[in-house]
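Enquirer: Handing you this structure, nothing more for now.
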Amino acid sequence: MTIRTPEAKVKIKLKEHLRRSGVYYFMPVQTGYGAPGLDFYVCFVGEFHAYETKARGAKLTPRQEVIAQQITAAGGHVYVVILDDDGELEFKRYVAGQGPQPRRLRRS
């Protein structure tokens, strides 16, 4: 029996969504070397997106806040991704100085 954390469940669902969408994505492995980062980096329609997956109610750490601010200052888009009550992905766009702002994923 595999026990998965709430955050791991979000990552699995997000990977499935990204694969179906045909976007390029990369998940860096944090080893303590190099610059810290967020969970996913995505190229979508010529734009740079970064996704940080969280369990419901969890917030970005102070370090993740700094990284999110750096990405948005450089023109990228940052989203905090959780699962809603129905187990569907919910993307909250990060706005520097305001934190994550709600935005629902539209089903196609």
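Here's how to read the names in the structure tokens: chain A, B, ... by the order shown, residue numbers from 1 in each chain, ligand numbers from 1 in the order shown.
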Identify, on the basis of only C-alpha atoms, every residue whose closest approach to stretch 30-40 of chain A does not exceed 8 Å; exclude the query and any residue fewer than 3 positions from it along the same chain; express the result as a count of residues only.
Expert: 9
Enquirer: Set the distance at 12 Å and use only C-alpha atoms: which residues neighbour A:Ala74 once local chain neighbours fewer than 3 positions away are removed? I'd like the list as JSON, numbers by chain.
Expert: {"A": [47, 48, 49, 67, 68, 69, 70, 71, 77, 78, 96]}
Enquirer: Could you write out that same residue set with N, CA, C and O atoms as a short mmCIF file (atom, residue, chain, number, x, y, z; two decimals), in the first residue's frame?
Expert:
```cif
data_model
loop_
_atom_site.label_atom_id
_atom_site.label_comp_id
_atom_site.auth_asym_id
_atom_site.auth_seq_id
_atom_site.Cartn_x
_atom_site.Cartn_y
_atom_site.Cartn_z
N GLU A 47 5.09 31.21 -22.96
CA GLU A 47 5.21 31.92 -21.69
C GLU A 47 5.83 31.00 -20.63
O GLU A 47 5.67 29.78 -20.69
N PHE A 48 6.51 31.62 -19.67
CA PHE A 48 7.13 30.88 -18.58
C PHE A 48 6.19 30.85 -17.38
O PHE A 48 5.73 31.89 -16.92
N HIS A 49 5.91 29.65 -16.91
CA HIS A 49 5.05 29.46 -15.74
C HIS A 49 5.80 28.62 -14.72
O HIS A 49 6.52 27.69 -15.08
N ILE A 67 11.33 33.47 -4.25
CA ILE A 67 11.48 32.91 -5.60
C ILE A 67 10.31 33.34 -6.48
O ILE A 67 10.49 33.74 -7.63
N ALA A 68 9.08 33.28 -5.94
CA ALA A 68 7.89 33.70 -6.70
C ALA A 68 8.00 35.17 -7.09
O ALA A 68 7.66 35.54 -8.22
N GLN A 69 8.47 36.00 -6.19
CA GLN A 69 8.64 37.43 -6.49
C GLN A 69 9.69 37.64 -7.58
O GLN A 69 9.49 38.46 -8.48
N GLN A 70 10.77 36.88 -7.55
CA GLN A 70 11.81 36.99 -8.57
C GLN A 70 11.27 36.57 -9.94
O GLN A 70 11.56 37.22 -10.95
N ILE A 71 10.50 35.51 -9.98
CA ILE A 71 9.95 35.03 -11.26
C ILE A 71 8.97 36.05 -11.82
O ILE A 71 9.02 36.38 -13.01
N HIS A 77 5.03 33.80 -14.79
CA HIS A 77 3.77 33.61 -14.07
C HIS A 77 3.98 32.53 -13.02
O HIS A 77 4.56 31.49 -13.31
N VAL A 78 3.48 32.75 -11.83
CA VAL A 78 3.60 31.78 -10.74
C VAL A 78 2.20 31.42 -10.25
O VAL A 78 1.35 32.29 -10.07
N ALA A 96 2.72 39.36 -6.83
CA ALA A 96 3.72 39.90 -5.88
C ALA A 96 3.08 40.92 -4.96
O ALA A 96 2.36 41.81 -5.40
#
```
Enquirer: Can you measure atom CA of A:Lys59 to atom CA of A:Gly87 for me? One decimal in Å is fine.
Expert: 18.6 Å
Enquirer: For A:Val23, please output as an mmCIF file with all heavy atoms, in the first residue's frame all residues within 12 Å (counting only C-alpha atoms; exclusion window: fewer than 3 positions along the same chain).
Expert:
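part.cif written:
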```cif
data_model
loop_
_atom_site.group_PDB
_atom_site.id
_atom_site.type_symbol
_atom_site.label_atom_id
_atom_site.label_comp_id
_atom_site.auth_asym_id
_atom_site.auth_seq_id
_atom_site.Cartn_x
_atom_site.Cartn_y
_atom_site.Cartn_z
ATOM 1 N N LEU A 14 -1.365 17.155 -11.274
ATOM 2 C CA LEU A 14 -0.825 18.218 -12.121
ATOM 3 C C LEU A 14 0.010 17.639 -13.261
ATOM 4 O O LEU A 14 -0.108 18.087 -14.403
ATOM 5 C CB LEU A 14 -0.004 19.209 -11.293
ATOM 6 C CG LEU A 14 0.601 20.378 -12.061
ATOM 7 C CD1 LEU A 14 -0.464 21.192 -12.796
ATOM 8 C CD2 LEU A 14 1.399 21.278 -11.115
ATOM 9 N N LYS A 15 0.834 16.626 -12.987
ATOM 10 C CA LYS A 15 1.617 15.992 -14.051
ATOM 11 C C LYS A 15 0.706 15.417 -15.131
ATOM 12 O O LYS A 15 0.968 15.570 -16.322
ATOM 13 C CB LYS A 15 2.523 14.892 -13.486
ATOM 14 C CG LYS A 15 3.769 15.417 -12.826
ATOM 15 C CD LYS A 15 4.764 14.317 -12.559
ATOM 16 C CE LYS A 15 4.450 13.630 -11.264
ATOM 17 N NZ LYS A 15 5.502 12.672 -10.844
ATOM 18 N N GLU A 16 -0.371 14.758 -14.721
ATOM 19 C CA GLU A 16 -1.335 14.220 -15.690
ATOM 20 C C GLU A 16 -1.928 15.334 -16.545
ATOM 21 O O GLU A 16 -2.045 15.206 -17.762
ATOM 22 C CB GLU A 16 -2.458 13.476 -14.957
ATOM 23 C CG GLU A 16 -2.035 12.201 -14.289
ATOM 24 C CD GLU A 16 -3.092 11.613 -13.365
ATOM 25 O OE1 GLU A 16 -4.188 12.214 -13.226
ATOM 26 O OE2 GLU A 16 -2.833 10.557 -12.775
ATOM 27 N N HIS A 17 -2.300 16.425 -15.900
ATOM 28 C CA HIS A 17 -2.881 17.577 -16.607
ATOM 29 C C HIS A 17 -1.877 18.154 -17.612
ATOM 30 O O HIS A 17 -2.242 18.445 -18.758
ATOM 31 C CB HIS A 17 -3.308 18.647 -15.597
ATOM 32 C CG HIS A 17 -3.693 19.945 -16.213
ATOM 33 N ND1 HIS A 17 -4.862 20.114 -16.928
ATOM 34 C CD2 HIS A 17 -3.046 21.143 -16.249
ATOM 35 C CE1 HIS A 17 -4.923 21.361 -17.371
ATOM 36 N NE2 HIS A 17 -3.843 21.998 -16.966
ATOM 37 N N LEU A 18 -0.633 18.321 -17.200
ATOM 38 C CA LEU A 18 0.379 18.902 -18.081
ATOM 39 C C LEU A 18 0.660 17.982 -19.270
ATOM 40 O O LEU A 18 0.798 18.454 -20.403
ATOM 41 C CB LEU A 18 1.661 19.196 -17.299
ATOM 42 C CG LEU A 18 1.534 20.275 -16.219
ATOM 43 C CD1 LEU A 18 2.810 20.349 -15.386
ATOM 44 C CD2 LEU A 18 1.194 21.626 -16.822
ATOM 45 N N ARG A 19 0.747 16.674 -19.023
ATOM 46 C CA ARG A 19 0.972 15.725 -20.127
ATOM 47 C C ARG A 19 -0.164 15.784 -21.145
ATOM 48 O O ARG A 19 0.067 15.814 -22.345
ATOM 49 C CB ARG A 19 1.090 14.302 -19.573
ATOM 50 C CG ARG A 19 2.438 13.996 -19.007
ATOM 51 C CD ARG A 19 2.568 12.486 -18.709
ATOM 52 N NE ARG A 19 3.608 12.306 -17.724
ATOM 53 C CZ ARG A 19 3.423 11.902 -16.471
ATOM 54 N NH1 ARG A 19 2.222 11.589 -16.040
ATOM 55 N NH2 ARG A 19 4.433 11.774 -15.646
ATOM 56 N N ARG A 20 -1.415 15.801 -20.648
ATOM 57 C CA ARG A 20 -2.571 15.879 -21.551
ATOM 58 C C ARG A 20 -2.574 17.178 -22.340
ATOM 59 O O ARG A 20 -3.040 17.215 -23.476
ATOM 60 C CB ARG A 20 -3.880 15.765 -20.761
ATOM 61 C CG ARG A 20 -4.276 14.371 -20.380
ATOM 62 C CD ARG A 20 -5.710 14.291 -19.882
ATOM 63 N NE ARG A 20 -6.093 15.342 -18.979
ATOM 64 C CZ ARG A 20 -5.977 15.315 -17.649
ATOM 65 N NH1 ARG A 20 -5.457 14.260 -17.066
ATOM 66 N NH2 ARG A 20 -6.368 16.328 -16.906
ATOM 67 N N PHE A 26 9.219 20.758 -16.421
ATOM 68 C CA PHE A 26 10.414 20.254 -15.773
ATOM 69 C C PHE A 26 10.215 20.344 -14.275
ATOM 70 O O PHE A 26 9.714 21.349 -13.770
ATOM 71 C CB PHE A 26 11.625 21.099 -16.197
ATOM 72 C CG PHE A 26 12.881 20.789 -15.434
ATOM 73 C CD1 PHE A 26 13.567 19.601 -15.646
ATOM 74 C CD2 PHE A 26 13.387 21.688 -14.506
ATOM 75 C CE1 PHE A 26 14.721 19.309 -14.933
ATOM 76 C CE2 PHE A 26 14.544 21.418 -13.814
ATOM 77 C CZ PHE A 26 15.212 20.217 -14.013
ATOM 78 N N PHE A 40 7.459 22.956 -10.228
ATOM 79 C CA PHE A 40 7.359 22.730 -11.673
ATOM 80 C C PHE A 40 7.724 23.999 -12.429
ATOM 81 O O PHE A 40 7.326 25.093 -12.021
ATOM 82 C CB PHE A 40 5.913 22.399 -12.085
ATOM 83 C CG PHE A 40 5.408 21.063 -11.658
ATOM 84 C CD1 PHE A 40 4.956 20.849 -10.368
ATOM 85 C CD2 PHE A 40 5.347 20.011 -12.561
ATOM 86 C CE1 PHE A 40 4.453 19.626 -9.969
ATOM 87 C CE2 PHE A 40 4.840 18.769 -12.168
ATOM 88 C CZ PHE A 40 4.399 18.582 -10.879
ATOM 89 N N TYR A 41 8.426 23.826 -13.549
ATOM 90 C CA TYR A 41 8.660 24.926 -14.493
ATOM 91 C C TYR A 41 8.056 24.499 -15.815
ATOM 92 O O TYR A 41 8.275 23.377 -16.287
ATOM 93 C CB TYR A 41 10.147 25.219 -14.643
ATOM 94 C CG TYR A 41 10.734 25.733 -13.357
ATOM 95 C CD1 TYR A 41 11.601 24.963 -12.607
ATOM 96 C CD2 TYR A 41 10.373 26.980 -12.866
ATOM 97 C CE1 TYR A 41 12.113 25.429 -11.409
ATOM 98 C CE2 TYR A 41 10.882 27.462 -11.672
ATOM 99 C CZ TYR A 41 11.751 26.676 -10.955
ATOM 100 O OH TYR A 41 12.241 27.140 -9.758
ATOM 101 N N VAL A 42 7.275 25.384 -16.421
ATOM 102 C CA VAL A 42 6.472 25.035 -17.582
ATOM 103 C C VAL A 42 6.624 26.090 -18.673
ATOM 104 O O VAL A 42 6.640 27.292 -18.384
ATOM 105 C CB VAL A 42 4.977 24.931 -17.169
ATOM 106 C CG1 VAL A 42 4.094 24.659 -18.365
ATOM 107 C CG2 VAL A 42 4.786 23.873 -16.097
ATOM 108 N N CYS A 43 6.721 25.624 -19.923
ATOM 109 C CA CYS A 43 6.636 26.521 -21.069
ATOM 110 C C CYS A 43 5.289 26.253 -21.714
ATOM 111 O O CYS A 43 4.995 25.127 -22.129
ATOM 112 C CB CYS A 43 7.759 26.263 -22.062
ATOM 113 S SG CYS A 43 7.733 27.411 -23.443
ATOM 114 N N PHE A 44 4.456 27.273 -21.742
ATOM 115 C CA PHE A 44 3.089 27.128 -22.239
ATOM 116 C C PHE A 44 2.759 28.319 -23.124
ATOM 117 O O PHE A 44 2.784 29.454 -22.669
ATOM 118 C CB PHE A 44 2.113 27.038 -21.061
ATOM 119 C CG PHE A 44 0.669 26.927 -21.460
ATOM 120 C CD1 PHE A 44 0.190 25.783 -22.069
ATOM 121 C CD2 PHE A 44 -0.203 27.963 -21.220
ATOM 122 C CE1 PHE A 44 -1.140 25.675 -22.435
ATOM 123 C CE2 PHE A 44 -1.536 27.869 -21.584
ATOM 124 C CZ PHE A 44 -2.002 26.724 -22.191
ATOM 125 N N VAL A 45 2.503 28.060 -24.407
ATOM 126 C CA VAL A 45 2.166 29.084 -25.397
ATOM 127 C C VAL A 45 3.207 30.209 -25.363
ATOM 128 O O VAL A 45 2.860 31.392 -25.352
ATOM 129 C CB VAL A 45 0.728 29.630 -25.179
ATOM 130 C CG1 VAL A 45 0.270 30.441 -26.382
ATOM 131 C CG2 VAL A 45 -0.268 28.530 -24.910
ATOM 132 N N GLY A 46 4.474 29.839 -25.285
ATOM 133 C CA GLY A 46 5.552 30.820 -25.318
ATOM 134 C C GLY A 46 5.735 31.615 -24.037
ATOM 135 O O GLY A 46 6.465 32.604 -24.021
ATOM 136 N N GLU A 47 5.094 31.214 -22.960
ATOM 137 C CA GLU A 47 5.213 31.917 -21.685
ATOM 138 C C GLU A 47 5.832 31.001 -20.634
ATOM 139 O O GLU A 47 5.670 29.783 -20.688
ATOM 140 C CB GLU A 47 3.841 32.387 -21.188
ATOM 141 C CG GLU A 47 3.205 33.426 -22.072
ATOM 142 C CD GLU A 47 1.857 33.887 -21.530
ATOM 143 O OE1 GLU A 47 1.331 33.261 -20.589
ATOM 144 O OE2 GLU A 47 1.340 34.877 -22.063
ATOM 145 N N PHE A 48 6.507 31.615 -19.672
ATOM 146 C CA PHE A 48 7.135 30.883 -18.576
ATOM 147 C C PHE A 48 6.186 30.853 -17.384
ATOM 148 O O PHE A 48 5.731 31.895 -16.920
ATOM 149 C CB PHE A 48 8.451 31.552 -18.175
ATOM 150 C CG PHE A 48 9.151 30.851 -17.052
ATOM 151 C CD1 PHE A 48 9.967 29.764 -17.305
ATOM 152 C CD2 PHE A 48 8.994 31.280 -15.743
ATOM 153 C CE1 PHE A 48 10.613 29.100 -16.268
ATOM 154 C CE2 PHE A 48 9.639 30.634 -14.700
ATOM 155 C CZ PHE A 48 10.448 29.543 -14.965
ATOM 156 N N HIS A 49 5.907 29.646 -16.909
ATOM 157 C CA HIS A 49 5.049 29.458 -15.744
ATOM 158 C C HIS A 49 5.801 28.617 -14.716
ATOM 159 O O HIS A 49 6.522 27.689 -15.081
ATOM 160 C CB HIS A 49 3.765 28.707 -16.113
ATOM 161 C CG HIS A 49 2.880 29.443 -17.042
ATOM 162 N ND1 HIS A 49 1.611 29.824 -16.709
ATOM 163 C CD2 HIS A 49 3.059 29.874 -18.312
ATOM 164 C CE1 HIS A 49 1.050 30.458 -17.730
ATOM 165 N NE2 HIS A 49 1.916 30.498 -18.722
#
```
Enquirer: What gap, in Å, lies between atom CA of A:Val81 and atom CA of A:Lys11?
Expert: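 Rounded to one decimal, the two atoms are 8.7 Å apart.
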Enquirer: Determine which residues of stretch 24-91 of chain A receive a DSSP assignment of helix (DSSP H, G or I), computed from the backbone, and state them as number ranges by chain.
Expert: A: 62-73
Enquirer: Apply DSSP to the backbone of this structure and, from chain A, keep only the residues in strand (DSSP E); write these as a PyMOL selection string.
Expert: chain A and resi 24-26+40-44+47-53+77-83+89-95+99-104
Enquirer: Env of stretch 82-84 of chain A: 7 Å cut, atoms = only C-alpha atoms, seq-sep filter 2 positions within chain, self excluded. Answer as a list in words.
Expert: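 Here the answer would be Val10, Thr53, Lys54, Ala55, Arg56, Val80, Asp86, Gly87, Glu88, Leu89, Glu90 and Phe91 of chain A.
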